[in-house]
$ cat query34.cif   # mmCIF, C-alpha atoms
data_model
loop_
_atom_site.group_PDB
_atom_site.id
_atom_site.type_symbol
_atom_site.label_atom_id
_atom_site.label_comp_id
_atom_site.auth_asym_id
_atom_site.auth_seq_id
_atom_site.Cartn_x
_atom_site.Cartn_y
_atom_site.Cartn_z
ATOM 1 C CA GLU A 1 92.034 67.149 203.432
ATOM 2 C CA ALA A 2 91.998 68.002 199.738
ATOM 3 C CA GLN A 3 88.931 66.501 198.183
ATOM 4 C CA VAL A 4 86.003 66.679 195.810
ATOM 5 C CA THR A 5 82.643 66.062 197.444
ATOM 6 C CA GLN A 6 79.338 65.224 195.833
ATOM 7 C CA ASN A 7 75.850 65.108 197.257
ATOM 8 C CA PRO A 8 73.761 63.102 197.331
ATOM 9 C CA ARG A 9 75.672 59.861 196.857
ATOM 10 C CA TYR A 10 72.526 57.962 195.935
ATOM 11 C CA LEU A 11 69.263 59.266 194.563
ATOM 12 C CA ILE A 12 66.119 57.639 193.273
ATOM 13 C CA THR A 13 63.641 59.968 191.639
ATOM 14 C CA VAL A 14 60.802 60.001 189.136
ATOM 15 C CA THR A 15 60.614 61.282 185.603
ATOM 16 C CA GLY A 16 60.235 65.029 185.351
ATOM 17 C CA LYS A 17 61.110 65.954 188.927
ATOM 18 C CA LYS A 18 63.872 68.539 188.870
ATOM 19 C CA LEU A 19 66.992 67.657 190.810
ATOM 20 C CA THR A 20 70.410 69.068 191.559
ATOM 21 C CA VAL A 21 73.591 67.172 192.339
ATOM 22 C CA THR A 22 76.100 69.330 194.137
ATOM 23 C CA CYS A 23 79.858 69.236 193.669
ATOM 24 C CA SER A 24 82.383 71.087 195.768
ATOM 25 C CA GLN A 25 86.182 71.145 195.846
ATOM 26 C CA ASN A 26 88.463 72.691 198.448
ATOM 27 C CA MET A 27 91.639 72.876 196.354
ATOM 28 C CA ASN A 28 91.056 76.216 194.661
ATOM 29 C CA HIS A 29 90.928 74.441 191.313
ATOM 30 C CA GLU A 30 89.921 76.364 188.233
ATOM 31 C CA TYR A 31 88.786 73.471 186.050
ATOM 32 C CA MET A 32 85.757 71.419 187.021
ATOM 33 C CA SER A 33 83.879 68.827 185.081
ATOM 34 C CA TRP A 34 80.940 66.449 185.193
ATOM 35 C CA TYR A 35 80.962 62.927 183.767
ATOM 36 C CA ARG A 36 78.481 60.134 183.552
ATOM 37 C CA GLN A 37 79.582 56.529 183.610
ATOM 38 C CA ASP A 38 77.562 53.802 181.957
ATOM 39 C CA PRO A 39 78.462 50.122 181.499
ATOM 40 C CA GLY A 40 80.551 49.541 178.392
ATOM 41 C CA LEU A 41 80.781 53.258 177.625
ATOM 42 C CA GLY A 42 83.311 54.447 180.155
ATOM 43 C CA LEU A 43 83.117 58.028 181.325
ATOM 44 C CA ARG A 44 81.552 60.616 179.082
ATOM 45 C CA GLN A 45 81.949 64.284 179.750
ATOM 46 C CA ILE A 46 78.723 66.224 180.229
ATOM 47 C CA TYR A 47 79.900 69.759 180.936
ATOM 48 C CA TYR A 48 83.072 71.414 182.041
ATOM 49 C CA SER A 49 84.064 74.777 183.421
ATOM 50 C CA MET A 50 87.345 76.549 182.909
ATOM 51 C CA ASN A 51 86.675 79.038 185.690
ATOM 52 C CA VAL A 52 83.933 81.013 187.398
ATOM 53 C CA GLU A 53 81.111 81.886 185.007
ATOM 54 C CA VAL A 54 82.761 79.933 182.176
ATOM 55 C CA THR A 55 81.085 76.676 181.210
ATOM 56 C CA ASP A 56 81.110 74.569 178.049
ATOM 57 C CA LYS A 57 79.378 71.498 176.718
ATOM 58 C CA GLY A 58 81.133 68.176 176.747
ATOM 59 C CA ASP A 59 80.167 65.168 174.685
ATOM 60 C CA VAL A 60 76.729 64.472 176.187
ATOM 61 C CA PRO A 61 75.205 67.746 177.469
ATOM 62 C CA GLU A 62 71.574 67.152 176.432
ATOM 63 C CA GLY A 63 69.195 67.222 179.389
ATOM 64 C CA TYR A 64 71.701 68.780 181.776
ATOM 65 C CA LYS A 65 72.561 72.227 182.995
ATOM 66 C CA VAL A 66 75.408 73.515 185.103
ATOM 67 C CA SER A 67 76.436 76.728 186.760
ATOM 68 C CA ARG A 68 79.695 78.049 188.160
ATOM 69 C CA LYS A 69 78.932 81.039 190.329
ATOM 70 C CA GLU A 70 81.734 80.266 192.762
ATOM 71 C CA LYS A 71 85.089 78.666 192.153
ATOM 72 C CA ARG A 72 84.544 75.809 194.561
ATOM 73 C CA ASN A 73 81.044 74.721 193.475
ATOM 74 C CA PHE A 74 79.823 73.217 190.221
ATOM 75 C CA PRO A 75 76.275 71.857 190.551
ATOM 76 C CA LEU A 76 74.702 69.607 187.935
ATOM 77 C CA ILE A 77 71.037 70.296 187.281
ATOM 78 C CA LEU A 78 68.539 67.974 185.663
ATOM 79 C CA GLU A 79 65.487 70.108 184.924
ATOM 80 C CA SER A 80 63.297 67.211 183.798
ATOM 81 C CA PRO A 81 65.044 63.898 184.438
ATOM 82 C CA SER A 82 64.279 60.944 182.207
ATOM 83 C CA PRO A 83 65.047 57.225 182.656
ATOM 84 C CA ASN A 84 67.939 57.421 180.168
ATOM 85 C CA GLN A 85 69.692 59.676 182.647
ATOM 86 C CA THR A 86 69.953 56.823 185.100
ATOM 87 C CA SER A 87 73.689 56.575 185.562
ATOM 88 C CA LEU A 88 76.674 57.003 187.840
ATOM 89 C CA TYR A 89 77.825 60.615 187.878
ATOM 90 C CA PHE A 90 81.270 61.900 188.753
ATOM 91 C CA CYS A 91 82.454 65.405 189.372
ATOM 92 C CA ALA A 92 86.135 66.179 188.888
ATOM 93 C CA SER A 93 88.419 69.142 189.326
ATOM 94 C CA SER A 94 91.954 70.122 188.425
ATOM 95 C CA LEU A 95 94.138 73.156 188.953
ATOM 96 C CA SER A 96 93.783 74.021 185.299
ATOM 97 C CA PHE A 97 92.644 72.139 182.235
ATOM 98 C CA ILE A 98 96.093 72.054 180.746
ATOM 99 C CA THR A 99 97.494 68.652 181.650
ATOM 100 C CA ASP A 100 96.750 68.866 185.320
ATOM 101 C CA THR A 101 95.624 65.812 187.214
ATOM 102 C CA GLN A 102 91.882 65.602 187.640
ATOM 103 C CA TYR A 103 90.656 64.649 191.074
ATOM 104 C CA PHE A 104 87.375 62.802 191.072
ATOM 105 C CA GLY A 105 84.586 62.826 193.593
ATOM 106 C CA PRO A 106 83.115 59.606 195.012
ATOM 107 C CA GLY A 107 80.248 59.486 192.539
ATOM 108 C CA THR A 108 76.464 59.886 192.649
ATOM 109 C CA ARG A 109 74.313 56.973 191.618
ATOM 110 C CA LEU A 110 71.103 58.315 190.109
ATOM 111 C CA THR A 111 68.064 56.232 189.231
ATOM 112 C CA VAL A 112 65.192 57.856 187.341
ATOM 113 C CA LEU A 113 61.999 55.819 187.376
ATOM 114 C CA GLY B 1 84.507 59.802 164.732
ATOM 115 C CA GLU B 2 86.553 60.458 167.849
ATOM 116 C CA SER B 3 86.937 57.476 170.080
ATOM 117 C CA VAL B 4 89.227 56.121 172.692
ATOM 118 C CA GLY B 5 88.964 52.420 173.186
ATOM 119 C CA LEU B 6 90.646 49.504 174.829
ATOM 120 C CA HIS B 7 91.458 46.272 173.089
ATOM 121 C CA LEU B 8 90.213 43.945 175.831
ATOM 122 C CA PRO B 9 87.383 44.415 178.298
ATOM 123 C CA THR B 10 88.949 42.041 180.859
ATOM 124 C CA LEU B 11 92.434 40.911 181.725
ATOM 125 C CA SER B 12 93.485 38.279 184.256
ATOM 126 C CA VAL B 13 97.095 37.974 185.426
ATOM 127 C CA GLN B 14 98.907 35.981 188.056
ATOM 128 C CA GLU B 15 100.128 37.851 191.085
ATOM 129 C CA GLY B 16 103.722 38.862 190.497
ATOM 130 C CA ASP B 17 103.455 38.861 186.715
ATOM 131 C CA ASN B 18 103.524 41.981 184.593
ATOM 132 C CA SER B 19 100.276 43.393 183.181
ATOM 133 C CA ILE B 20 99.840 45.201 179.908
ATOM 134 C CA ILE B 21 96.662 47.113 179.191
ATOM 135 C CA ASN B 22 96.200 48.575 175.734
ATOM 136 C CA CYS B 23 94.328 51.546 174.365
ATOM 137 C CA ALA B 24 93.758 52.916 170.880
ATOM 138 C CA TYR B 25 92.714 56.459 170.087
ATOM 139 C CA SER B 26 91.384 57.880 166.865
ATOM 140 C CA ASN B 27 92.119 61.602 166.994
ATOM 141 C CA SER B 28 95.671 62.269 165.883
ATOM 142 C CA ALA B 29 95.337 65.795 167.299
ATOM 143 C CA SER B 30 95.168 64.461 170.854
ATOM 144 C CA ASP B 31 98.260 65.634 172.672
ATOM 145 C CA TYR B 32 97.806 64.467 176.230
ATOM 146 C CA PHE B 33 96.905 61.047 177.587
ATOM 147 C CA ILE B 34 96.124 59.781 181.045
ATOM 148 C CA TRP B 35 95.598 56.419 182.672
ATOM 149 C CA TYR B 36 93.144 56.142 185.527
ATOM 150 C CA LYS B 37 92.420 53.344 187.961
ATOM 151 C CA GLN B 38 88.934 52.873 189.333
ATOM 152 C CA GLU B 39 88.299 50.579 192.253
ATOM 153 C CA SER B 40 84.838 49.319 193.020
ATOM 154 C CA GLY B 41 82.612 52.022 194.481
ATOM 155 C CA LYS B 42 85.143 54.794 194.006
ATOM 156 C CA GLY B 43 85.897 57.536 191.529
ATOM 157 C CA PRO B 44 88.742 57.232 189.018
ATOM 158 C CA GLN B 45 92.201 57.836 190.386
ATOM 159 C CA PHE B 46 95.087 59.247 188.368
ATOM 160 C CA ILE B 47 97.914 56.802 187.687
ATOM 161 C CA ILE B 48 100.193 58.312 185.097
ATOM 162 C CA ASP B 49 100.078 60.646 182.134
ATOM 163 C CA ILE B 50 102.078 61.306 178.997
ATOM 164 C CA ARG B 51 102.278 64.113 176.497
ATOM 165 C CA SER B 52 102.420 63.519 172.778
ATOM 166 C CA ASN B 53 106.031 64.687 172.567
ATOM 167 C CA MET B 54 107.086 61.651 174.607
ATOM 168 C CA ASP B 55 107.189 57.933 173.803
ATOM 169 C CA LYS B 56 107.542 56.570 177.289
ATOM 170 C CA ARG B 57 107.053 57.635 180.845
ATOM 171 C CA GLN B 58 107.703 55.678 184.000
ATOM 172 C CA GLY B 59 106.259 55.868 187.452
ATOM 173 C CA GLN B 60 106.381 53.607 190.421
ATOM 174 C CA ARG B 61 105.770 50.105 188.993
ATOM 175 C CA VAL B 62 103.911 51.620 186.036
ATOM 176 C CA THR B 63 105.063 52.584 182.569
ATOM 177 C CA VAL B 64 103.052 54.232 179.833
ATOM 178 C CA LEU B 65 104.082 53.812 176.205
ATOM 179 C CA LEU B 66 102.780 55.994 173.410
ATOM 180 C CA ASN B 67 103.003 55.080 169.752
ATOM 181 C CA LYS B 68 101.712 58.020 167.774
ATOM 182 C CA THR B 69 102.255 56.314 164.441
ATOM 183 C CA VAL B 70 99.564 53.746 165.148
ATOM 184 C CA LYS B 71 97.722 55.840 167.747
ATOM 185 C CA HIS B 72 98.229 53.325 170.477
ATOM 186 C CA LEU B 73 98.782 53.707 174.193
ATOM 187 C CA SER B 74 99.655 51.048 176.728
ATOM 188 C CA LEU B 75 99.951 50.799 180.482
ATOM 189 C CA GLN B 76 102.406 48.324 181.910
ATOM 190 C CA ILE B 77 102.197 47.335 185.555
ATOM 191 C CA ALA B 78 105.216 45.530 186.935
ATOM 192 C CA ALA B 79 104.890 42.757 189.523
ATOM 193 C CA THR B 80 101.105 42.982 189.631
ATOM 194 C CA GLN B 81 99.639 42.862 193.118
ATOM 195 C CA PRO B 82 96.137 42.062 194.400
ATOM 196 C CA GLY B 83 95.654 45.760 195.100
ATOM 197 C CA ASP B 84 96.009 46.415 191.384
ATOM 198 C CA SER B 85 92.674 44.722 190.716
ATOM 199 C CA ALA B 86 90.458 47.451 189.289
ATOM 200 C CA VAL B 87 89.108 48.901 186.078
ATOM 201 C CA TYR B 88 91.656 50.886 184.111
ATOM 202 C CA PHE B 89 90.707 53.727 181.790
ATOM 203 C CA CYS B 90 92.740 55.578 179.252
ATOM 204 C CA ALA B 91 91.725 59.119 178.403
ATOM 205 C CA SER B 92 92.858 61.567 175.776
ATOM 206 C CA MET B 93 92.599 65.298 175.764
ATOM 207 C CA ARG B 94 90.764 66.827 172.844
ATOM 208 C CA GLY B 95 90.670 70.581 172.978
ATOM 209 C CA GLN B 96 89.487 71.436 176.452
ATOM 210 C CA ASN B 97 87.688 68.244 177.291
ATOM 211 C CA PHE B 98 88.636 64.682 177.967
ATOM 212 C CA VAL B 99 87.536 61.547 176.134
ATOM 213 C CA PHE B 100 87.611 58.304 178.072
ATOM 214 C CA GLY B 101 87.783 54.752 176.820
ATOM 215 C CA PRO B 102 85.297 52.107 178.064
ATOM 216 C CA GLY B 103 87.761 50.538 180.501
ATOM 217 C CA THR B 104 89.542 47.219 181.068
ATOM 218 C CA ARG B 105 88.917 45.186 184.191
ATOM 219 C CA LEU B 106 92.140 43.779 185.597
ATOM 220 C CA SER B 107 91.837 40.732 187.850
ATOM 221 C CA VAL B 108 94.868 39.521 189.767
ATOM 222 C CA LEU B 109 94.882 35.794 190.414
ATOM 223 C CA PRO B 110 96.570 34.401 193.548
#

$ encode --input "query34.cif" --output "structure tokens"
Amino acid sequence: EAQVTQNPRYLITVTGKKLTVTCSQNMNHEYMSWYRQDPGLGLRQIYYSMNVEVTDKGDVPEGYKVSRKEKRNFPLILESPSPNQTSLYFCASSLSFITDTQYFGPGTRLTVL
Amino acid sequence: GESVGLHLPTLSVQEGDNSIINCAYSNSASDYFIWYKQESGKGPQFIIDIRSNMDKRQGQRVTVLLNKTVKHLSLQIAATQPGDSAVYFCASMRGQNFVFGPGTRLSVLP
């Protein structure tokens, strides 16, 4: 089944404790992206990747890192999480960035205390 | 600055009626627009898209209209069903990244 998977689905952590949210897609998609979703703000793009080893900042990249060492994986790293990073995070992928449908993962709900 | 917004945060319609969800965008350089549906506890799901060289595009029970003059986008859902209850987002493509609006919650009344 074609899908985007994220792990963990739920995470509660404390300020400053490094964490990684994994994202994997099995569709051989080139374009992958991370979003955060906050009430009243919709989805805001954090980082995106056009292909392996190519990543770029989205609208809200501060406090986040990403890597794209393999085509299928696009982990989101929070080196020193803070409470304002409490949010619902979505990973998405598409065949290419040029007007291809993005497929979204199920989401990761992160709480930083 | 760049923004993509929706005119109403909530919309309630009777089952069987048509729904119209509106969206305004600010960047006239945006050339690709998408509507997504997000059900509770799930990620956004693609509904329909439209390029800036088109005014209208139709899918199954859904139609997207684009008015570039006033930078306005709308999603029309025909014969709204209970399963259409969700939050609907418009998104525009700016360069290589996407900008999403805050969403409109559609409630279908029996």

$ residues_around --input "query34.cif" --residues "range 47-64 of chain A" --least-positions-apart "6" --cutoff "10 Å" --atoms "only C-alpha atoms" --output "ChimeraX atom specification"
/A:20,29-36,70-74,76-82,84-85,91-97 /B:96-99

$ residues_around --input "query34.cif" --residues "Leu11 in chain B" --least-positions-apart "2" --cutoff "10 Å" --atoms "all atoms listed in the file" --output "short mmCIF file (atom, residue, chain, number, x, y, z; two decimals) with C-alpha atoms, keeping the file's coordinate frame"
data_model
loop_
_atom_site.label_atom_id
_atom_site.label_comp_id
_atom_site.auth_asym_id
_atom_site.auth_seq_id
_atom_site.Cartn_x
_atom_site.Cartn_y
_atom_site.Cartn_z
CA LEU B 8 90.21 43.94 175.83
CA PRO B 9 87.38 44.42 178.30
CA VAL B 13 97.10 37.97 185.43
CA SER B 19 100.28 43.39 183.18
CA ILE B 20 99.84 45.20 179.91
CA ILE B 21 96.66 47.11 179.19
CA SER B 85 92.67 44.72 190.72
CA VAL B 87 89.11 48.90 186.08
CA THR B 104 89.54 47.22 181.07
CA ARG B 105 88.92 45.19 184.19
CA LEU B 106 92.14 43.78 185.60
CA SER B 107 91.84 40.73 187.85
CA VAL B 108 94.87 39.52 189.77
#

$ residues_around --input "query34.cif" --residues "Gly16 in chain B" --least-positions-apart "3" --cutoff "8 Å" --atoms "all atoms listed in the file" --output "count of residues only"
4

$ closest_atom_pairs --input "query34.cif" --of "chain A" --to "chain B" --cutoff "8 Å" --atoms "only C-alpha atoms" --output "CSV"
residue,atom,partner,partner_atom,distance
A:Pro39,CA,B:Pro102,CA,7.9
A:Gly40,CA,B:Pro102,CA,5.4
A:Leu41,CA,B:Pro102,CA,4.7
A:Gly42,CA,B:Pro102,CA,3.7
A:Leu43,CA,B:Phe100,CA,5.6
A:Arg44,CA,B:Phe100,CA,6.6
A:Gln45,CA,B:Phe98,CA,6.9
A:Tyr48,CA,B:Asn97,CA,7.3
A:Gly58,CA,B:Asn97,CA,6.6
A:Phe90,CA,B:Gly43,CA,6.9
A:Phe97,CA,B:Gln96,CA,6.6
A:Ile98,CA,B:Gln96,CA,7.9
A:Thr99,CA,B:Tyr32,CA,6.9
A:Thr101,CA,B:Phe46,CA,6.7
A:Gln102,CA,B:Phe46,CA,7.2
A:Tyr103,CA,B:Gln45,CA,7.0
A:Phe104,CA,B:Gly43,CA,5.5
A:Gly105,CA,B:Gly43,CA,5.8
A:Pro106,CA,B:Gly43,CA,4.9
A:Gly107,CA,B:Gly43,CA,6.1

$ residues_around --input "query34.cif" --residues "Arg94 in chain B" --least-positions-apart "6" --cutoff "8 Å" --atoms "all atoms listed in the file" --output "list in words"
Asn27, Ala29, Ser30 and Asp31 of chain B

$ residues_near_point --input "query34.cif" --point "(103.0, 48.2, 179.2)" --cutoff "10 Å" --atoms "all atoms listed in the file" --output "number ranges by chain"
B: 18-22, 56, 62-66, 73-78

$ closest_residue --input "query34.cif" --among "A:Asp38, A:Leu19, A:Pro83, A:Thr111" --to "Val66 in chain A" --atoms "all atoms listed in the file"
A:Leu19

$ axis_aligned_box --input "query34.cif" --around "range 26-37 of chain A" --padding-each-side "5 Å" --output "JSON"
{"center_x": 85.1, "center_y": 66.4, "center_z": 191.0, "size_x": 23.2, "size_y": 29.8, "size_z": 24.9}

$ atom_distance --input "query34.cif" --atom1 "CA of Val112 in chain A" --atom2 "CA of Ser24 in chain A"
23.3 Å

$ atom_distance --input "query34.cif" --atom1 "CA of Thr108 in chain A" --atom2 "CA of Asn7 in chain A"
7.0 Å

$ resolve_selection --input "query34.cif" --expression "the PyMOL selection byres ((chain A and resi 1) around 10)" --output "list in words"
Ala2, Gln3, Val4, Asn26 and Met27 of chain A

$ atom_distance --input "query34.cif" --atom1 "CA of Tyr10 in chain A" --atom2 "CA of Tyr89 in chain A"
10.0 Å

$ closest_residue --input "query34.cif" --among "B:Asp17, B:Pro82, B:Ser92, B:Trp35" --to "Ser52 in chain B" --atoms "all atoms listed in the file"
B:Ser92

$ closest_residue --input "query34.cif" --among "A:Arg68, A:Thr86, A:Asn28, A:Arg109" --to "Val14 in chain A" --atoms "all atoms listed in the file"
A:Thr86

$ build_atoms --input "query34.cif" --residues "range 44-55 of chain B" --atoms "all heavy atoms" --output "PDB file, in the frame of the given file"
ATOM      1  N   PRO B  44      87.450  57.502 189.665  1.00  0.00           N
ATOM      2  CA  PRO B  44      88.742  57.232 189.018  1.00  0.00           C
ATOM      3  C   PRO B  44      89.888  57.941 189.733  1.00  0.00           C
ATOM      4  O   PRO B  44      89.722  59.039 190.252  1.00  0.00           O
ATOM      5  CB  PRO B  44      88.550  57.783 187.605  1.00  0.00           C
ATOM      6  CG  PRO B  44      87.079  57.784 187.385  1.00  0.00           C
ATOM      7  CD  PRO B  44      86.481  58.076 188.728  1.00  0.00           C
ATOM      8  N   GLN B  45      91.024  57.297 189.716  1.00  0.00           N
ATOM      9  CA  GLN B  45      92.201  57.836 190.386  1.00  0.00           C
ATOM     10  C   GLN B  45      93.344  57.902 189.382  1.00  0.00           C
ATOM     11  O   GLN B  45      93.626  56.931 188.682  1.00  0.00           O
ATOM     12  CB  GLN B  45      92.561  56.917 191.557  1.00  0.00           C
ATOM     13  CG  GLN B  45      93.725  57.362 192.399  1.00  0.00           C
ATOM     14  CD  GLN B  45      93.990  56.377 193.520  1.00  0.00           C
ATOM     15  OE1 GLN B  45      93.563  55.227 193.472  1.00  0.00           O
ATOM     16  NE2 GLN B  45      94.685  56.812 194.539  1.00  0.00           N
ATOM     17  N   PHE B  46      93.979  59.042 189.303  1.00  0.00           N
ATOM     18  CA  PHE B  46      95.087  59.247 188.368  1.00  0.00           C
ATOM     19  C   PHE B  46      96.225  58.260 188.638  1.00  0.00           C
ATOM     20  O   PHE B  46      96.614  58.032 189.786  1.00  0.00           O
ATOM     21  CB  PHE B  46      95.594  60.677 188.523  1.00  0.00           C
ATOM     22  CG  PHE B  46      96.841  60.991 187.751  1.00  0.00           C
ATOM     23  CD1 PHE B  46      96.764  61.469 186.458  1.00  0.00           C
ATOM     24  CD2 PHE B  46      98.104  60.833 188.328  1.00  0.00           C
ATOM     25  CE1 PHE B  46      97.913  61.786 185.755  1.00  0.00           C
ATOM     26  CE2 PHE B  46      99.243  61.138 187.625  1.00  0.00           C
ATOM     27  CZ  PHE B  46      99.149  61.614 186.335  1.00  0.00           C
ATOM     28  N   ILE B  47      96.752  57.682 187.554  1.00  0.00           N
ATOM     29  CA  ILE B  47      97.914  56.802 187.687  1.00  0.00           C
ATOM     30  C   ILE B  47      99.139  57.460 187.080  1.00  0.00           C
ATOM     31  O   ILE B  47     100.152  57.675 187.747  1.00  0.00           O
ATOM     32  CB  ILE B  47      97.690  55.447 186.978  1.00  0.00           C
ATOM     33  CG1 ILE B  47      96.458  54.744 187.511  1.00  0.00           C
ATOM     34  CG2 ILE B  47      98.925  54.557 187.130  1.00  0.00           C
ATOM     35  CD1 ILE B  47      96.123  53.484 186.715  1.00  0.00           C
ATOM     36  N   ILE B  48      99.045  57.771 185.805  1.00  0.00           N
ATOM     37  CA  ILE B  48     100.193  58.312 185.097  1.00  0.00           C
ATOM     38  C   ILE B  48      99.706  58.982 183.827  1.00  0.00           C
ATOM     39  O   ILE B  48      98.638  58.638 183.305  1.00  0.00           O
ATOM     40  CB  ILE B  48     101.210  57.186 184.765  1.00  0.00           C
ATOM     41  CG1 ILE B  48     102.546  57.780 184.293  1.00  0.00           C
ATOM     42  CG2 ILE B  48     100.644  56.211 183.742  1.00  0.00           C
ATOM     43  CD1 ILE B  48     103.669  56.751 184.234  1.00  0.00           C
ATOM     44  N   ASP B  49     100.455  59.955 183.360  1.00  0.00           N
ATOM     45  CA  ASP B  49     100.078  60.646 182.134  1.00  0.00           C
ATOM     46  C   ASP B  49     101.283  60.743 181.203  1.00  0.00           C
ATOM     47  O   ASP B  49     102.420  60.465 181.588  1.00  0.00           O
ATOM     48  CB  ASP B  49      99.521  62.037 182.434  1.00  0.00           C
ATOM     49  CG  ASP B  49     100.508  62.944 183.176  1.00  0.00           C
ATOM     50  OD1 ASP B  49     101.616  62.469 183.526  1.00  0.00           O
ATOM     51  OD2 ASP B  49     100.165  64.112 183.425  1.00  0.00           O
ATOM     52  N   ILE B  50     101.012  61.138 179.970  1.00  0.00           N
ATOM     53  CA  ILE B  50     102.078  61.306 178.997  1.00  0.00           C
ATOM     54  C   ILE B  50     101.649  62.314 177.952  1.00  0.00           C
ATOM     55  O   ILE B  50     100.483  62.328 177.539  1.00  0.00           O
ATOM     56  CB  ILE B  50     102.457  59.949 178.347  1.00  0.00           C
ATOM     57  CG1 ILE B  50     103.722  60.098 177.494  1.00  0.00           C
ATOM     58  CG2 ILE B  50     101.301  59.396 177.519  1.00  0.00           C
ATOM     59  CD1 ILE B  50     104.321  58.769 177.071  1.00  0.00           C
ATOM     60  N   ARG B  51     102.569  63.150 177.552  1.00  0.00           N
ATOM     61  CA  ARG B  51     102.278  64.113 176.497  1.00  0.00           C
ATOM     62  C   ARG B  51     102.701  63.521 175.165  1.00  0.00           C
ATOM     63  O   ARG B  51     103.525  62.607 175.103  1.00  0.00           O
ATOM     64  CB  ARG B  51     103.032  65.414 176.758  1.00  0.00           C
ATOM     65  CG  ARG B  51     102.650  66.115 178.045  1.00  0.00           C
ATOM     66  CD  ARG B  51     103.271  67.494 178.084  1.00  0.00           C
ATOM     67  NE  ARG B  51     102.717  68.309 177.020  1.00  0.00           N
ATOM     68  CZ  ARG B  51     101.907  69.331 177.217  1.00  0.00           C
ATOM     69  NH1 ARG B  51     101.569  69.670 178.444  1.00  0.00           N
ATOM     70  NH2 ARG B  51     101.454  70.041 176.206  1.00  0.00           N
ATOM     71  N   SER B  52     102.185  64.092 174.103  1.00  0.00           N
ATOM     72  CA  SER B  52     102.420  63.519 172.778  1.00  0.00           C
ATOM     73  C   SER B  52     103.854  63.699 172.302  1.00  0.00           C
ATOM     74  O   SER B  52     104.269  63.066 171.328  1.00  0.00           O
ATOM     75  CB  SER B  52     101.469  64.143 171.756  1.00  0.00           C
ATOM     76  OG  SER B  52     101.656  65.536 171.697  1.00  0.00           O
ATOM     77  N   ASN B  53     104.631  64.526 172.974  1.00  0.00           N
ATOM     78  CA  ASN B  53     106.031  64.687 172.567  1.00  0.00           C
ATOM     79  C   ASN B  53     106.947  63.666 173.249  1.00  0.00           C
ATOM     80  O   ASN B  53     108.169  63.753 173.170  1.00  0.00           O
ATOM     81  CB  ASN B  53     106.528  66.109 172.850  1.00  0.00           C
ATOM     82  CG  ASN B  53     106.483  66.458 174.320  1.00  0.00           C
ATOM     83  OD1 ASN B  53     105.960  65.691 175.128  1.00  0.00           O
ATOM     84  ND2 ASN B  53     107.011  67.609 174.668  1.00  0.00           N
ATOM     85  N   MET B  54     106.335  62.697 173.935  1.00  0.00           N
ATOM     86  CA  MET B  54     107.086  61.651 174.607  1.00  0.00           C
ATOM     87  C   MET B  54     106.623  60.288 174.085  1.00  0.00           C
ATOM     88  O   MET B  54     105.507  60.136 173.615  1.00  0.00           O
ATOM     89  CB  MET B  54     106.853  61.715 176.115  1.00  0.00           C
ATOM     90  CG  MET B  54     107.224  63.044 176.746  1.00  0.00           C
ATOM     91  SD  MET B  54     106.696  63.159 178.450  1.00  0.00           S
ATOM     92  CE  MET B  54     107.820  62.012 179.226  1.00  0.00           C
ATOM     93  N   ASP B  55     107.522  59.299 174.190  1.00  0.00           N
ATOM     94  CA  ASP B  55     107.189  57.933 173.803  1.00  0.00           C
ATOM     95  C   ASP B  55     106.960  57.044 175.015  1.00  0.00           C
ATOM     96  O   ASP B  55     106.265  56.036 174.939  1.00  0.00           O
ATOM     97  CB  ASP B  55     108.317  57.315 172.981  1.00  0.00           C
ATOM     98  CG  ASP B  55     108.528  58.060 171.689  1.00  0.00           C
ATOM     99  OD1 ASP B  55     107.530  58.487 171.092  1.00  0.00           O
ATOM    100  OD2 ASP B  55     109.696  58.213 171.284  1.00  0.00           O
TER     101      ASP B  55
END
